[in-house]
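The structure under discussion appears below in the form of structure tokens.
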Protein chains: 2
Amino acid sequence: MRGGAGVRRRSSVRLSAEDVAAGYALACQTVVEGNAVVHVPPQEKIERRLVTDRTAAAVTLPFAYDPQRQQPVCLMPVRLEPPSMADQTDDWSRLKRALASAYGVSNLEADLNTLRNLATTLRQANWSVTAVVELDTWNHPDGPPRLVDLLPGKHSQPLWAAAVDIGTTTVSLFLVDLVSGKVATKAAEYNAQIRRGEDVISRIIYAGKNGGLPELQSLVIGTINELVERAAGRAGIRPAEIYKMTVAGNSTMMHLFLGLPPNSIRLDPFITTVNHPAPVRAAELGIAIHPQANVDSLPGVSSYVGADIAAGVLGSEMCGYSGLTLFLDVGTNGEMVLGDCDWLISCACSAGPAFEGAGVLHGMRATTGAIEEVWINTHTYEPTCRVIADPRLEAQGQPTPALGICGSGLISLLAELFVTGLIDKAGNLNLQLGSPRVRQGEHGAEYVVAWGHETGHGRDIVFTKVDIDNLIRAKAAIYAGFLVLAQSVGTDLALLDRVLVGGSFGQYINIEKGIQLGLLPDLPWEKFHFLGNTALRGTLLTLLNREYRQRIVEVAQRVTYLELSADNSFYEAFTSALFLPHTDLTRFPSVAELLAPHNTVQ
Amino acid sequence: MRGGAGVRRRSSVRLSAEDVAAGYALACQTVVEGNAVVHVPPQEKIERRLVTDRTAAAVTLPFAYDPQRQQPVCLMPVRLEPPSMADQTDDWSRLKRALASAYGVSNLEADLNTLRNLATTLRQANWSVTAVVELDTWNHPDGPPRLVDLLPGKHSQPLWAAAVDIGTTTVSLFLVDLVSGKVATKAAEYNAQIRRGEDVISRIIYAGKNGGLPELQSLVIGTINELVERAAGRAGIRPAEIYKMTVAGNSTMMHLFLGLPPNSIRLDPFITTVNHPAPVRAAELGIAIHPQANVDSLPGVSSYVGADIAAGVLGSEMCGYSGLTLFLDVGTNGEMVLGDCDWLISCACSAGPAFEGAGVLHGMRATTGAIEEVWINTHTYEPTCRVIADPRLEAQGQPTPALGICGSGLISLLAELFVTGLIDKAGNLNLQLGSPRVRQGEHGAEYVVAWGHETGHGRDIVFTKVDIDNLIRAKAAIYAGFLVLAQSVGTDLALLDRVLVGGSFGQYINIEKGIQLGLLPDLPWEKFHFLGNTALRGTLLTLLNREYRQRIVEVAQRVTYLELSADNSFYEAFTSALFLPHTDLTRFPSVAELLAPHNTVQ
């Protein structure tokens, strides 16, 4: 924030003298005392260019899609015998009779709002209509079927639905045709709740304030509605033509989405109101698809292993695999599941949002201007950066000036600093190397990633000791999670057959650098699989196939949750992991080998 | 309506010269051309003193009430094991587990709104709560059970519910404790829809106008909410403590109540949208009881034989009786059911609202000032009238001056005019009797029931030839209905074992006079039973006993509906009944005998 004369800074401890001179102030530490024009620096603004908008991988299903067998929502064109004095059957019974006779549908039900249009639609359509029927839901696998809508005339395709993943940071949506099973379009947007807190804890605290919960609910529903409208626009349909929505998210996101108070999630002993909510009508939530469409929430495991992880496990198909698999979802939190086809155990590490650029001085989200990869010359200590390009500048053949460093850039940078010897295993910067890049800054020692004349805002982009410590703590929490999970079932990370990395951020982790830091276990690279948004993929599978919808219930029930805060071994493992790559270097033989020539025993 | 100088009368054909001189105008025939003060004559205003408020008969049930066996809504006090790090089960699963263990309740469901308070209630109540559970509904007899509300602490009684009968004219309500099965209080109020039309046809037409349907729905829901509040006030509870409502009404009333367009009810071939709607939440309708309470609509038979008649048949217990029974509900319409324990046949006669005082010059509803019974001296032709007393005047020992004639008064008057020879069998007034009471008025011949100096408004109360013809048509329609029903099944009215008369108006018909007119079949008086509001009674039975709730579905399905407008024999029977008591006097032997001495063959 850049204030004017009308503001008083209560603290500027995180700002450089240069920043203060330029008029920068910390919004949370500033008192407005007169007229002020507020400028928000561009790297703090939410840009529309999202990770998932850049990477639209084709969706391949693990089954041959057969809507007749797998899909509970279907179109049923039918022609009714018009009423007469000889047959005064009411409209609703007449429709039920016709659908029973043509499709064997019995005990059909309908919401009152659906019945309100019945008389008019039947008569205007001259008794030839198409019923949109939802045959069953996860909690009523034997029905009764429900009439969601009645369309005039005969329709056999398409039939729209949406899969949604509510991330703490990003909300993503697939628009899918339930007749063909094809994803028509994708859309992603920052969760509008971000303005009320970066992570789940700050959201929970905000929800506890007066009016906070309804506000957070309406913010995320606003984001979903924006995505629905955008996706519908791309597909050339009206949002009201979407007849089902399946939603995953972490437990806090699901609570806020449904308007359930999340407070006890954050308080010992960390309890959700409900891990598997029943479907509700879109109208009840204010979701702007067909008002009588069901919005189906996927099941979570616990307060910190939510429906997104259950969907991720399902989407990654780790259950059906006999080898030992580690599934890792690095988002705003770090959640992980270890197991094979017989057992699954999970935990969540409060890694914090460091990998998303928060808590890091020049950290930012993965948008235009973010440094996403760094290489440091071993001799000159000069860095080469890859910046997420502005498409307009790119089109003109011009480079995009850097604004900050995003998560993958931070991992890359930290690993490079370590392997080049710029920092030691405790993360201390070596000020003796004679490089102007390493200097004493206002927040202690720092490494200059980009000089002011190269950046978009004219100020140096630096990486401080404080940033380094934050990142080391984050990676240590995640690795400690791996270790405790493995120990708790008496296995070893070296025995891992596969490491599946999900989460939209996950796919940008450089394996080599992740291992060098000690964030990822030291395994042959081919054992790592980057799956992208596994939560959204898993959600799509449950939307398309009622067998998968039942399977995710079993997954959520089968996953054992390990509460780390109640586990002493976690703190021990965390402390051991507070070094690069780890106190016990034997756990990282490939890194030990890499370090050997110039860095034998630190 | 009495207008001022600023109004122009387009027609005053129904007004006397005296009325015109006094400034009276017909609201529907008046153009306001300037400032006008409008006075509505008191007999047209809706008074709060209703039939059902005067007669609060004790409700006796045809079964020993056993809530354990008969009642789907129940209170379940339960103490939960608090969560801990060792048991992080979510609140909802924890509650379900406790209720399953204590009461064997499985697959419990809850609306999202109920879950919203779950975390707070459980913790504030220190894990000791009482679940309000609805175990089943008519359309889901095997459940799943649903948590309607969760109360802090331990509760075992009372548990409130309401039975409602929506009449075209009057809405009535019983407030009942589902634990004891006792009716705590009753309330009745005019249906606020009256201002938009007196009968179902005018309401249907109004509903078809822009905004008409939501207006009519909100009017009747406003009336119900008023009754709920009044009844709750009398019982000393909050309306939100009412956890279920069961509703009956004719098919048009049910459509308007639920916001379903009733238009096709009035158009050949007379079709409802739905005869048996599913339960809906009170919040969805705007009914001000507990928002998650179910509002259960009883089933109707057809467009003109509604849930009120099905409830009436159930409430009158005619199904279980082996003798031939005629059930008659005279309200704004005339509906009737003929049958025994093996079969039931019904029809509806558009008798019109004549018996409720509409379409009759000095007709009025049965409120203060209405003449409800008339005796005419055979020699002097002078009448003696009983007027519904104003309790304040009554307390002072003063008579209440008459304002008009209500339904029972009209029947009484017409019968007296006939048996005293003041009118002949075609309804023509005898102007040759030398009585000043019989005179030529502005609307043809008329009989003066009360002189202006005796009335509350200072004007003569008269009964005209037009009124007489309207009433004869109404009674002819009803009697023709009886006859056609009997003929259609090859039986005879003389074989009737019982005549059950329901409807709040029904109980005020004087049997003797009803027979004299040819409104009721000529049977020994002991065969007639006046049951009061059988619809409300039947509704109460279904609310109290799930077996009765299923039985009414069978009743509605078993009743064969005879569409009179498609039946030529009805017109014939109607024409024959357009005489007093009937063209075929052999059908009324007791009346023939009464007329014999002075009036052998008219």
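Labeling convention for the structure tokens: chains A, B, ... as they appear, residues from 1 per chain, ligands from 1 in order of appearance.
Near A:Glu416, within a cut-off of 8 Å and counting only C-alpha atoms, sit the residues Val374, Trp375, Ile376 and Lys513 of chain A, with same-chain residues fewer than 5 positions away left out.
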Saved selection, atoms kept: C-alpha atoms, as an mmCIF file, in the first residue's frame:
data_model
loop_
_atom_site.group_PDB
_atom_site.id
_atom_site.type_symbol
_atom_site.label_atom_id
_atom_site.label_comp_id
_atom_site.auth_asym_id
_atom_site.auth_seq_id
_atom_site.Cartn_x
_atom_site.Cartn_y
_atom_site.Cartn_z
ATOM 1 C CA VAL A 374 15.888 -19.482 -10.965
ATOM 2 C CA TRP A 375 19.329 -20.782 -11.966
ATOM 3 C CA ILE A 376 22.414 -19.488 -10.175
ATOM 4 C CA LYS A 513 15.238 -28.996 -6.566
#
* To do: Using only C-alpha atoms, determine which residues lie at most 9 Å from B:Asp308, disregarding the query and same-chain residues fewer than 4 positions distant; provide the list as a ChimeraX atom specification.
  => /B:165-167,247-251,298-300,312-313,534-536,538-539
Output of the above residues as a compact mmCIF listing (two decimals), in the first residue's frame, restricted to all heavy atoms:
# COMPACT_ATOMS: atom_id res chain seq x y z
N ASP B 165 -57.36 -26.41 8.08
CA ASP B 165 -58.30 -26.59 6.97
C ASP B 165 -58.45 -25.25 6.28
O ASP B 165 -58.91 -24.28 6.89
CB ASP B 165 -59.65 -27.08 7.49
CG ASP B 165 -60.73 -27.01 6.41
OD1 ASP B 165 -60.44 -27.42 5.27
OD2 ASP B 165 -61.85 -26.54 6.70
N ILE B 166 -58.05 -25.21 5.01
CA ILE B 166 -58.16 -23.95 4.25
C ILE B 166 -59.48 -23.98 3.49
O ILE B 166 -59.61 -24.65 2.47
CB ILE B 166 -57.00 -23.79 3.25
CG1 ILE B 166 -55.66 -23.93 3.96
CG2 ILE B 166 -57.11 -22.44 2.53
CD1 ILE B 166 -54.47 -23.85 3.02
N GLY B 167 -60.47 -23.30 4.02
CA GLY B 167 -61.72 -23.17 3.30
C GLY B 167 -61.67 -21.98 2.38
O GLY B 167 -60.85 -21.08 2.56
N VAL B 247 -52.25 -29.98 6.29
CA VAL B 247 -53.18 -29.03 5.69
C VAL B 247 -54.13 -29.72 4.73
O VAL B 247 -53.72 -30.56 3.92
CB VAL B 247 -52.38 -27.94 4.91
CG1 VAL B 247 -53.32 -26.92 4.30
CG2 VAL B 247 -51.36 -27.26 5.81
N ALA B 248 -55.41 -29.37 4.84
CA ALA B 248 -56.40 -29.81 3.86
C ALA B 248 -57.10 -28.59 3.28
O ALA B 248 -57.04 -27.50 3.87
CB ALA B 248 -57.42 -30.74 4.51
N GLY B 249 -57.76 -28.78 2.17
CA GLY B 249 -58.50 -27.70 1.53
C GLY B 249 -59.01 -28.23 0.21
O GLY B 249 -58.63 -29.33 -0.20
N ASN B 250 -59.89 -27.48 -0.43
CA ASN B 250 -60.31 -27.96 -1.76
C ASN B 250 -59.13 -27.78 -2.72
O ASN B 250 -58.13 -27.14 -2.39
CB ASN B 250 -61.59 -27.25 -2.23
CG ASN B 250 -61.40 -25.77 -2.44
OD1 ASN B 250 -60.49 -25.35 -3.15
ND2 ASN B 250 -62.26 -24.97 -1.83
N SER B 251 -59.24 -28.39 -3.89
CA SER B 251 -58.07 -28.44 -4.77
C SER B 251 -57.58 -27.05 -5.17
O SER B 251 -56.37 -26.82 -5.25
CB SER B 251 -58.40 -29.27 -6.02
OG SER B 251 -58.71 -30.59 -5.62
N LEU B 298 -52.71 -32.86 2.41
CA LEU B 298 -53.50 -34.09 2.26
C LEU B 298 -53.91 -34.27 0.79
O LEU B 298 -53.93 -33.30 0.03
CB LEU B 298 -54.69 -34.06 3.19
CG LEU B 298 -54.34 -34.07 4.69
CD1 LEU B 298 -55.59 -34.15 5.56
CD2 LEU B 298 -53.40 -35.24 5.03
N PRO B 299 -54.23 -35.49 0.40
CA PRO B 299 -54.56 -35.76 -1.01
C PRO B 299 -55.99 -35.41 -1.37
O PRO B 299 -56.91 -35.61 -0.58
CB PRO B 299 -54.34 -37.27 -1.11
CG PRO B 299 -54.65 -37.79 0.25
CD PRO B 299 -54.21 -36.72 1.21
N GLY B 300 -56.17 -34.89 -2.58
CA GLY B 300 -57.51 -34.67 -3.11
C GLY B 300 -57.84 -35.74 -4.13
O GLY B 300 -57.00 -36.58 -4.49
N GLY B 312 -62.66 -35.12 5.13
CA GLY B 312 -64.02 -35.21 5.68
C GLY B 312 -64.50 -36.64 5.73
O GLY B 312 -65.06 -37.09 6.73
N VAL B 313 -64.25 -37.38 4.65
CA VAL B 313 -64.65 -38.79 4.60
C VAL B 313 -63.90 -39.55 5.70
O VAL B 313 -64.49 -40.34 6.44
CB VAL B 313 -64.37 -39.39 3.20
CG1 VAL B 313 -64.53 -40.91 3.22
CG2 VAL B 313 -65.30 -38.76 2.17
N THR B 534 -65.59 -31.46 9.45
CA THR B 534 -65.02 -32.81 9.30
C THR B 534 -63.66 -32.76 8.62
O THR B 534 -62.83 -33.63 8.85
CB THR B 534 -65.95 -33.68 8.44
OG1 THR B 534 -66.33 -32.92 7.30
CG2 THR B 534 -67.18 -34.09 9.22
N ALA B 535 -63.44 -31.75 7.79
CA ALA B 535 -62.14 -31.63 7.11
C ALA B 535 -61.04 -31.40 8.15
O ALA B 535 -59.99 -32.05 8.12
CB ALA B 535 -62.17 -30.50 6.09
N LEU B 536 -61.30 -30.49 9.06
CA LEU B 536 -60.29 -30.19 10.09
C LEU B 536 -60.09 -31.40 11.00
O LEU B 536 -58.97 -31.74 11.37
CB LEU B 536 -60.72 -28.96 10.90
CG LEU B 536 -59.70 -28.45 11.91
CD1 LEU B 536 -58.38 -28.09 11.25
CD2 LEU B 536 -60.25 -27.26 12.68
N GLY B 538 -60.59 -34.57 10.21
CA GLY B 538 -59.85 -35.58 9.46
C GLY B 538 -58.37 -35.23 9.35
O GLY B 538 -57.50 -36.10 9.45
N THR B 539 -58.10 -33.95 9.18
CA THR B 539 -56.72 -33.49 9.09
C THR B 539 -56.00 -33.78 10.41
O THR B 539 -54.85 -34.25 10.42
CB THR B 539 -56.69 -31.98 8.76
OG1 THR B 539 -57.45 -31.78 7.57
CG2 THR B 539 -55.27 -31.49 8.54
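Fitted onto chain B by least squares over the complete set of C-alpha atoms, chain A shows an RMSD of 0.1 Å.
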Could you make a table, as JSON lines, of the residues of chain B that have an atom within 6 Å of an atom of chain A, each with its nearest atom pair and distance in Å to one decimal, counting only C-alpha atoms, in chain and number order?
{"residue": "B:Ser84", "atom": "CA", "partner": "A:Pro269", "partner_atom": "CA", "distance": 5.3}
{"residue": "B:Met85", "atom": "CA", "partner": "A:Pro269", "partner_atom": "CA", "distance": 5.2}
{"residue": "B:Gln88", "atom": "CA", "partner": "A:Ile271", "partner_atom": "CA", "distance": 5.9}
{"residue": "B:Asp90", "atom": "CA", "partner": "A:Thr272", "partner_atom": "CA", "distance": 5.0}
{"residue": "B:Asp91", "atom": "CA", "partner": "A:Thr273", "partner_atom": "CA", "distance": 4.8}
{"residue": "B:Trp92", "atom": "CA", "partner": "A:Val274", "partner_atom": "CA", "distance": 5.3}
{"residue": "B:Arg116", "atom": "CA", "partner": "A:Leu260", "partner_atom": "CA", "distance": 4.9}
{"residue": "B:Ala119", "atom": "CA", "partner": "A:Thr273", "partner_atom": "CA", "distance": 5.8}
{"residue": "B:Leu260", "atom": "CA", "partner": "A:Arg116", "partner_atom": "CA", "distance": 4.9}
{"residue": "B:Pro269", "atom": "CA", "partner": "A:Met85", "partner_atom": "CA", "distance": 5.2}
{"residue": "B:Ile271", "atom": "CA", "partner": "A:Asp90", "partner_atom": "CA", "distance": 5.5}
{"residue": "B:Thr272", "atom": "CA", "partner": "A:Asp90", "partner_atom": "CA", "distance": 5.0}
{"residue": "B:Thr273", "atom": "CA", "partner": "A:Asp91", "partner_atom": "CA", "distance": 4.8}
{"residue": "B:Val274", "atom": "CA", "partner": "A:Trp92", "partner_atom": "CA", "distance": 5.3}
Next, write the just-selected residues to a file, as a CSV table (one decimal), in the first residue's frame, keeping C-alpha atoms as the atom set.
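To be explicit, this is the file written out as selection-v6.csv:
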chain,number,residue,atom,x,y,z
B,84,SER,CA,-11.4,-35.7,22.0
B,85,MET,CA,-8.1,-36.1,20.2
B,88,GLN,CA,-12.4,-36.7,16.3
B,90,ASP,CA,-17.6,-34.9,13.2
B,91,ASP,CA,-20.5,-33.5,15.2
B,92,TRP,CA,-23.2,-34.8,12.9
B,116,ARG,CA,-25.9,-24.7,10.8
B,119,ALA,CA,-21.8,-27.2,16.5
B,260,LEU,CA,-49.3,-23.9,-8.1
B,269,PRO,CA,-61.4,-31.2,-18.9
B,271,ILE,CA,-57.3,-31.0,-14.4
B,272,THR,CA,-55.2,-30.3,-11.3
B,273,THR,CA,-51.4,-30.0,-11.4
B,274,VAL,CA,-51.2,-32.5,-8.5
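Nearest residue to B:Gly532, choosing from B:Asp567, B:Asp329, B:Glu229, B:Glu215 and counting only C-alpha atoms: B:Asp329.
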* **Given only C-alpha atoms as the counted atoms, nearest of A:Leu471, A:Ala592, A:Ala161, A:Leu429 to A:Arg238** => A:Ala161
